[in-house]
Amino acid sequence: MTPDRFEPPPASRLASHRQDEALFPAVPEQNFQVRRITLIALLIAAIVLPCVYVAAMALSDLRTREADATDMTLRTVRIAEEHALKVFDMNETLDARIVDLTEGLDDDGIREREAAIHEKLRVMGGGYPQVAAVSIFGRDGALLASSRYLPSPVISVGEREDFTGIRDGKDLEHVSKVMTGHVAGEQVFNMGVERPAADGSFAGVVSVALRPSYFDAFYRELLGGNNSGTPMTMSLVRTDGSILAHYPRTPREPTAMAPQTPFAEALAQGRRAGVVRMHSNVDGEDLILAFRHVGSYPVYVVCGYRASAIWAAWYRHLGVLILSMFTPSIALWCVIWLSLRRLGAEQEAWERWQAEASMRRSIESAYRQSRKMEALGTLVGSVAHDFNNLLMILSANVQIARRRGVTGLDRELSAMERALKNGQSLTRQLLGVARKQPLRNETLSLERWLPACRELLRASLGAKVSLVIDIGVEIWPMRVDVAELELALINVAVNARDAMPNGGRFTVRATNIQFRHEDGFPLTGDFVQLSLEDTGVGMAPDVLARAFEPLFTTKPKGMGTGLGLPQVFAFCERSGGLAAIDSAVGAGTSVRLYLPRATAEPEVDGPPETGAEENGAPPGLRILLVEDNEEVAAGTEALLQMMGHQVTCVFNADTALRLFDDAHARQARTGEPLPFDLVLSDIHMPGTMNGIDLAEAVLAFETKLPVILVTGYAEELDRARHVDVRVLSKPFDIGLLEELLQAIQHDLTQTGADPAAHPAE
């Protein structure tokens, strides 16, 4: 869309720009979204980073504690292995000495020397706290000698697993399971060796009974705790899983390690040392279990570290870490959250301030524009008034020439009549921009009226531009001047056509819209939004800012008057609405007309239509013509006389009123009737009275005369409509005046006041 343009001087534009800066200083931009995103990012970082740090520290601490526990079990199990190895080696040495002691003796020989052997066994075993008893068993398992008893009781271990195992050559049974010893009379496990005969055959067993309590006590000292205070456990286990000793003790302690555990699998694989994680059936807990094989003996030393102890210590440390880390973090979260709330309140206040500032700028701008348009309207109105008089002179003389039947000038008169029509259209635009064009508002149904304008719009757009009309359902009726609305659509359509030289699309949309005070829009109430959109080249920002400015055009010289879009703006504003325009280079233009919704019972504006009466109406009206322009008066007088009327012409309302005063004085003296049948007066005239004042005075007479007023000003027309007169808006058609005169003649004839009774002199 290409608006009209009238370029002011550079100095004027600079002064206007400085005035705008003074009235509306630049407002710093407030990017609340960036600030909000920054605060949210800080809040997320303040939450995520401490959580990540705590999680990393907690994981690291857990792994460290598990590694420390593993190291501790490995160190401890090495110590326990060395201790067990020394004990077993000592027992093996003790067994070897006893075997040497009984070498060459059979069962009977041992019995014969039982007292001496008993004493030696007592001395040899009594110096070791782990040894409960030292015993010698015969070929059939009978007790031959013991360090505990003399004489030895009748006891046989011939059916016991350790005896039969040694006899049968099973290495495992060289260390027995825990049992109640037949000789020691307490819980022991035996370390036995075969006693060979002179011929190398099996002659019996030498057995040393070891106390598990000895190992328990050592493990207690090694772990440095009591039954409930240590996180570690110690066990002495045979390779088949049988438990020989265990610390700390449990009320219902199992006698063997559970099968199908990582430790059982390690034993089955023959591993001599290692670390496994498993659930212990002995302690009923998950353990980190370190184990080591004791020399060549079928025994393992096992050290376990309770996972519950690791987790308990880890939880305590985690609690301290969370408390120390999140206490300041929570304070920081609260600060950021309060900052977000404050930012929200600040944004809300800023938006309210912006809305108020925008409303104030809009009001100030509208006021300045109104003052500008008012000043321009005064200038344009004066020019249009004088131009109207010139058109009236030209129109009257053309009509005179036509009525006199001048021959040979038809072509010239037709050209003059076409020029008159163009001049009338230009005057109408000037008066519309100046807010002095009278509006004839009526209730309009856009749904029925707009489709009927399709052909008119197509003609304005041309063949290259396609027209799309999109009307919403149940569009409210509007209160507008239909002719002005039609002219506004044509002006916008013509501009759209010029903005789309290669063709495009022009769309007309209508929707209902309601504005509230809090919306910050200059209007409030119900309106119909009429959107006129094109796909043209669009406008630059500096052109868009002046699109509604009168006499501003970007069209080539001679192609635009600069009154198209200003007429649209003035029409909407005078109708009680508003016009707005949006555009961008390359993105087309959208002109939105906001027109007020009509009330349920519309008012009837404008004078009642007067149809032309039959041509046979009697001539001869006596007309008082009041017109300040001599040439307009002369042309109008000549036309009226050609119509057969008697005309008396005066040049102001004061003179006309004096004529009526003199006539009334004569009427009072002589009874002579008034010398006029009709008053035809301009409204805008010099003197103390204008045409409306004259009409009110004439209508106040006892004998009421018909009055016809002529004007081109909207404000005068509005006042004239409240007076019982007929009104013609300039420039008017002479034929319309003739129709009005014929109607008045007919009315006077019907009332008996025959104008023919007063022939023209």
# chains A, B, ... in the order shown; residues from 1 in each chain; ligands from 1
$ residues_around --residues "A:Met689" --least-positions-apart "2" --cutoff "10 Å" --atoms "only C-alpha atoms" --output "NGL selection string"
:A and (652-655 or 657 or 683-687 or 691-694)
$ write_last_selection --atoms "C-alpha atoms" --output "compact mmCIF listing (two decimals), in the first residue's frame"
# COMPACT_ATOMS: atom_id res chain seq x y z
CA ASN A 652 -26.37 38.48 4.67
CA ALA A 653 -28.85 37.29 7.27
CA ASP A 654 -29.05 40.64 9.06
CA THR A 655 -30.39 42.34 5.90
CA LEU A 657 -34.21 39.77 8.84
CA ILE A 683 -25.36 29.08 6.50
CA HIS A 684 -21.84 30.45 6.62
CA MET A 685 -22.07 34.24 6.08
CA PRO A 686 -20.56 37.42 7.48
CA GLY A 687 -22.49 39.47 9.99
CA GLY A 691 -28.24 31.05 8.13
CA ILE A 692 -29.37 28.90 11.07
CA ASP A 693 -30.04 31.97 13.21
CA LEU A 694 -32.08 33.39 10.33
$ residues_around --residues "stretch 309-320 of chain A" --least-positions-apart "6" --cutoff "12 Å" --atoms "only C-alpha atoms" --output "number ranges by chain"
A: 51, 53-70, 228-233, 285-288, 326-327
$ write_last_selection --atoms "N, CA and C atoms" --output "short mmCIF file (atom, residue, chain, number, x, y, z; two decimals), in the first residue's frame"
data_model
loop_
_atom_site.label_atom_id
_atom_site.label_comp_id
_atom_site.auth_asym_id
_atom_site.auth_seq_id
_atom_site.Cartn_x
_atom_site.Cartn_y
_atom_site.Cartn_z
N CYS A 51 23.51 -30.82 44.58
CA CYS A 51 23.07 -32.22 44.55
C CYS A 51 24.11 -33.10 43.85
N TYR A 53 27.28 -32.39 43.56
CA TYR A 53 28.47 -32.44 44.42
C TYR A 53 28.27 -33.43 45.57
N VAL A 54 27.08 -33.34 46.20
CA VAL A 54 26.80 -34.25 47.32
C VAL A 54 26.77 -35.69 46.83
N ALA A 55 26.15 -35.92 45.66
CA ALA A 55 26.09 -37.28 45.13
C ALA A 55 27.48 -37.80 44.81
N ALA A 56 28.30 -36.94 44.18
CA ALA A 56 29.66 -37.37 43.85
C ALA A 56 30.47 -37.64 45.12
N MET A 57 30.35 -36.73 46.09
CA MET A 57 31.09 -36.92 47.34
C MET A 57 30.59 -38.16 48.08
N ALA A 58 29.26 -38.36 48.06
CA ALA A 58 28.71 -39.52 48.75
C ALA A 58 29.17 -40.82 48.08
N LEU A 59 29.15 -40.84 46.75
CA LEU A 59 29.60 -42.03 46.03
C LEU A 59 31.09 -42.29 46.29
N SER A 60 31.86 -41.19 46.25
CA SER A 60 33.29 -41.34 46.51
C SER A 60 33.53 -41.83 47.93
N ASP A 61 32.76 -41.26 48.87
CA ASP A 61 32.93 -41.67 50.27
C ASP A 61 32.55 -43.14 50.46
N LEU A 62 31.45 -43.56 49.78
CA LEU A 62 31.03 -44.95 49.89
C LEU A 62 32.11 -45.89 49.35
N ARG A 63 32.64 -45.52 48.18
CA ARG A 63 33.68 -46.37 47.61
C ARG A 63 34.94 -46.38 48.48
N THR A 64 35.26 -45.23 49.06
CA THR A 64 36.43 -45.16 49.94
C THR A 64 36.23 -46.04 51.17
N ARG A 65 35.02 -45.96 51.73
CA ARG A 65 34.74 -46.77 52.91
C ARG A 65 34.78 -48.27 52.57
N GLU A 66 34.24 -48.60 51.41
CA GLU A 66 34.29 -50.02 51.02
C GLU A 66 35.73 -50.46 50.77
N ALA A 67 36.53 -49.57 50.16
CA ALA A 67 37.94 -49.91 49.93
C ALA A 67 38.69 -50.03 51.26
N ASP A 68 38.40 -49.10 52.18
CA ASP A 68 39.05 -49.18 53.50
C ASP A 68 38.66 -50.46 54.22
N ALA A 69 37.37 -50.80 54.13
CA ALA A 69 36.91 -52.02 54.79
C ALA A 69 37.59 -53.25 54.17
N THR A 70 37.72 -53.24 52.84
CA THR A 70 38.39 -54.36 52.18
C THR A 70 39.85 -54.45 52.63
N SER A 228 29.13 -56.84 70.27
CA SER A 228 28.23 -55.95 69.54
C SER A 228 28.92 -54.70 69.03
N GLY A 229 30.18 -54.48 69.43
CA GLY A 229 30.80 -53.21 69.08
C GLY A 229 31.68 -53.25 67.85
N THR A 230 32.01 -54.40 67.34
CA THR A 230 32.91 -54.45 66.20
C THR A 230 32.15 -54.63 64.89
N PRO A 231 32.58 -53.95 63.83
CA PRO A 231 31.93 -54.14 62.54
C PRO A 231 32.45 -55.34 61.79
N MET A 232 33.45 -56.06 62.38
CA MET A 232 34.11 -57.14 61.67
C MET A 232 33.80 -58.48 62.32
N THR A 233 33.96 -59.53 61.57
CA THR A 233 33.80 -60.90 62.06
C THR A 233 35.03 -61.71 61.64
N GLU A 285 24.01 -61.09 57.76
CA GLU A 285 24.22 -59.78 57.15
C GLU A 285 25.04 -59.93 55.89
N ASP A 286 25.03 -58.83 55.09
CA ASP A 286 25.92 -58.76 53.93
C ASP A 286 27.31 -58.40 54.42
N LEU A 287 28.32 -59.09 53.86
CA LEU A 287 29.70 -58.91 54.30
C LEU A 287 30.62 -58.70 53.11
N ILE A 288 31.71 -57.96 53.37
CA ILE A 288 32.89 -57.99 52.50
C ILE A 288 33.82 -59.02 53.15
N PHE A 326 23.70 -28.06 52.17
CA PHE A 326 22.40 -27.55 51.77
C PHE A 326 21.88 -26.44 52.67
N THR A 327 22.47 -26.25 53.83
CA THR A 327 22.03 -25.12 54.66
C THR A 327 22.25 -23.80 53.95
#
$ residues_around --residues "A:Val134" --least-positions-apart "3" --cutoff "12 Å" --atoms "only C-alpha atoms" --output "PyMOL selection string"
chain A and resi 91-92+94-95+97-99+117-128+130-131+137+143-149+152+181-184+188-193+205-211
$ write_last_selection --atoms "N, CA and C atoms" --output "compact mmCIF listing (two decimals), in the first residue's frame"
# COMPACT_ATOMS: atom_id res chain seq x y z
N ASN A 91 51.07 -77.60 66.75
CA ASN A 91 50.32 -78.84 67.00
C ASN A 91 50.91 -79.99 66.17
N GLU A 92 51.27 -79.67 64.93
CA GLU A 92 51.86 -80.71 64.10
C GLU A 92 53.20 -81.18 64.69
N LEU A 94 53.92 -81.02 67.87
CA LEU A 94 53.54 -81.78 69.06
C LEU A 94 53.12 -83.19 68.68
N ASP A 95 52.35 -83.33 67.63
CA ASP A 95 51.93 -84.66 67.17
C ASP A 95 53.13 -85.50 66.77
N ARG A 97 56.21 -85.27 67.91
CA ARG A 97 56.95 -85.68 69.11
C ARG A 97 56.26 -86.86 69.79
N ILE A 98 54.93 -86.83 69.82
CA ILE A 98 54.20 -87.93 70.46
C ILE A 98 54.35 -89.20 69.65
N VAL A 99 54.34 -89.03 68.32
CA VAL A 99 54.54 -90.21 67.47
C VAL A 99 55.92 -90.78 67.73
N ILE A 117 53.83 -92.14 79.99
CA ILE A 117 53.37 -91.42 78.79
C ILE A 117 52.40 -90.31 79.18
N HIS A 118 51.52 -90.60 80.15
CA HIS A 118 50.57 -89.57 80.61
C HIS A 118 51.30 -88.35 81.10
N GLU A 119 52.36 -88.57 81.90
CA GLU A 119 53.08 -87.44 82.47
C GLU A 119 53.72 -86.61 81.35
N LYS A 120 54.31 -87.33 80.39
CA LYS A 120 54.94 -86.60 79.28
C LYS A 120 53.89 -85.84 78.45
N LEU A 121 52.73 -86.45 78.23
CA LEU A 121 51.66 -85.76 77.47
C LEU A 121 51.16 -84.54 78.22
N ARG A 122 51.08 -84.68 79.55
CA ARG A 122 50.58 -83.55 80.35
C ARG A 122 51.56 -82.39 80.28
N VAL A 123 52.85 -82.76 80.35
CA VAL A 123 53.86 -81.69 80.29
C VAL A 123 53.88 -81.06 78.89
N MET A 124 53.81 -81.87 77.88
CA MET A 124 53.89 -81.36 76.52
C MET A 124 52.65 -80.51 76.16
N GLY A 125 51.48 -80.88 76.56
CA GLY A 125 50.27 -80.14 76.17
C GLY A 125 49.85 -79.10 77.17
N GLY A 126 50.34 -79.24 78.40
CA GLY A 126 49.85 -78.30 79.41
C GLY A 126 50.37 -76.90 79.27
N GLY A 127 51.42 -76.69 78.53
CA GLY A 127 51.97 -75.35 78.40
C GLY A 127 51.32 -74.50 77.33
N TYR A 128 50.31 -75.03 76.65
CA TYR A 128 49.66 -74.29 75.56
C TYR A 128 48.18 -74.06 75.90
N GLN A 130 45.78 -73.21 74.02
CA GLN A 130 44.83 -73.66 73.01
C GLN A 130 44.57 -75.16 73.08
N VAL A 131 45.49 -75.90 73.80
CA VAL A 131 45.39 -77.37 73.84
C VAL A 131 44.50 -77.76 75.01
N PHE A 137 45.22 -92.90 70.48
CA PHE A 137 44.18 -93.90 70.26
C PHE A 137 44.80 -95.09 69.53
N LEU A 143 40.99 -95.45 73.50
CA LEU A 143 41.90 -94.51 74.13
C LEU A 143 42.96 -95.29 74.86
N LEU A 144 44.26 -95.01 74.52
CA LEU A 144 45.37 -95.72 75.15
C LEU A 144 46.01 -94.88 76.23
N ALA A 145 46.14 -93.53 75.97
CA ALA A 145 46.76 -92.64 76.96
C ALA A 145 46.24 -91.24 76.71
N SER A 146 46.24 -90.40 77.80
CA SER A 146 45.70 -89.06 77.69
C SER A 146 46.43 -88.15 78.65
N SER A 147 46.52 -86.86 78.25
CA SER A 147 47.14 -85.88 79.14
C SER A 147 46.17 -85.45 80.23
N ARG A 148 44.92 -85.84 80.14
CA ARG A 148 43.94 -85.38 81.11
C ARG A 148 43.66 -86.42 82.18
N TYR A 149 43.74 -87.70 81.84
CA TYR A 149 43.31 -88.75 82.79
C TYR A 149 44.40 -89.80 82.96
N SER A 152 43.41 -93.91 81.89
CA SER A 152 42.51 -93.42 80.86
C SER A 152 41.16 -94.12 80.95
N GLY A 181 34.52 -83.00 73.08
CA GLY A 181 35.55 -84.01 73.16
C GLY A 181 35.26 -85.09 74.19
N HIS A 182 35.53 -86.37 73.80
CA HIS A 182 35.33 -87.47 74.74
C HIS A 182 36.30 -87.39 75.91
N VAL A 183 37.48 -86.86 75.63
CA VAL A 183 38.51 -86.79 76.67
C VAL A 183 38.47 -85.44 77.36
N ALA A 184 38.42 -84.34 76.53
CA ALA A 184 38.47 -83.00 77.11
C ALA A 184 37.18 -82.63 77.81
N VAL A 188 35.71 -78.79 71.28
CA VAL A 188 37.04 -78.79 70.72
C VAL A 188 36.96 -79.22 69.26
N PHE A 189 38.05 -78.99 68.56
CA PHE A 189 38.24 -79.67 67.27
C PHE A 189 39.65 -80.27 67.32
N ASN A 190 39.82 -81.41 66.73
CA ASN A 190 41.04 -82.21 66.87
C ASN A 190 41.92 -82.09 65.65
N MET A 191 43.20 -82.03 65.93
CA MET A 191 44.21 -82.15 64.88
C MET A 191 44.93 -83.48 65.11
N GLY A 192 44.73 -84.44 64.23
CA GLY A 192 45.30 -85.77 64.44
C GLY A 192 46.23 -86.19 63.32
N VAL A 193 47.14 -87.10 63.71
CA VAL A 193 48.04 -87.69 62.71
C VAL A 193 48.06 -89.20 62.91
N VAL A 205 46.01 -93.34 66.14
CA VAL A 205 45.97 -91.90 65.89
C VAL A 205 46.47 -91.17 67.12
N VAL A 206 47.30 -90.17 66.86
CA VAL A 206 47.67 -89.22 67.91
C VAL A 206 46.85 -87.96 67.66
N SER A 207 46.10 -87.49 68.65
CA SER A 207 45.16 -86.38 68.47
C SER A 207 45.41 -85.30 69.51
N VAL A 208 45.46 -84.06 69.02
CA VAL A 208 45.55 -82.90 69.91
C VAL A 208 44.22 -82.15 69.81
N ALA A 209 43.52 -82.03 70.93
CA ALA A 209 42.23 -81.33 70.96
C ALA A 209 42.47 -79.84 71.19
N LEU A 210 42.01 -79.00 70.24
CA LEU A 210 42.19 -77.54 70.33
C LEU A 210 40.88 -76.87 70.74
N ARG A 211 41.01 -75.84 71.56
CA ARG A 211 39.83 -75.12 72.05
C ARG A 211 39.43 -74.02 71.03
$ atom_distance --atom1 "atom CA of A:Arg167" --atom2 "atom CA of A:Glu186"
24.2 Å
$ residues_around --residues "A:His664" --least-positions-apart "4" --cutoff "10 Å" --atoms "only C-alpha atoms" --output "list in words"
Arg658, Leu659, Phe660, Ala668, Arg669, Thr670, Gly671, Glu672, Pro673, Leu674, Pro675, Phe701, Glu702 and Thr703 of chain A
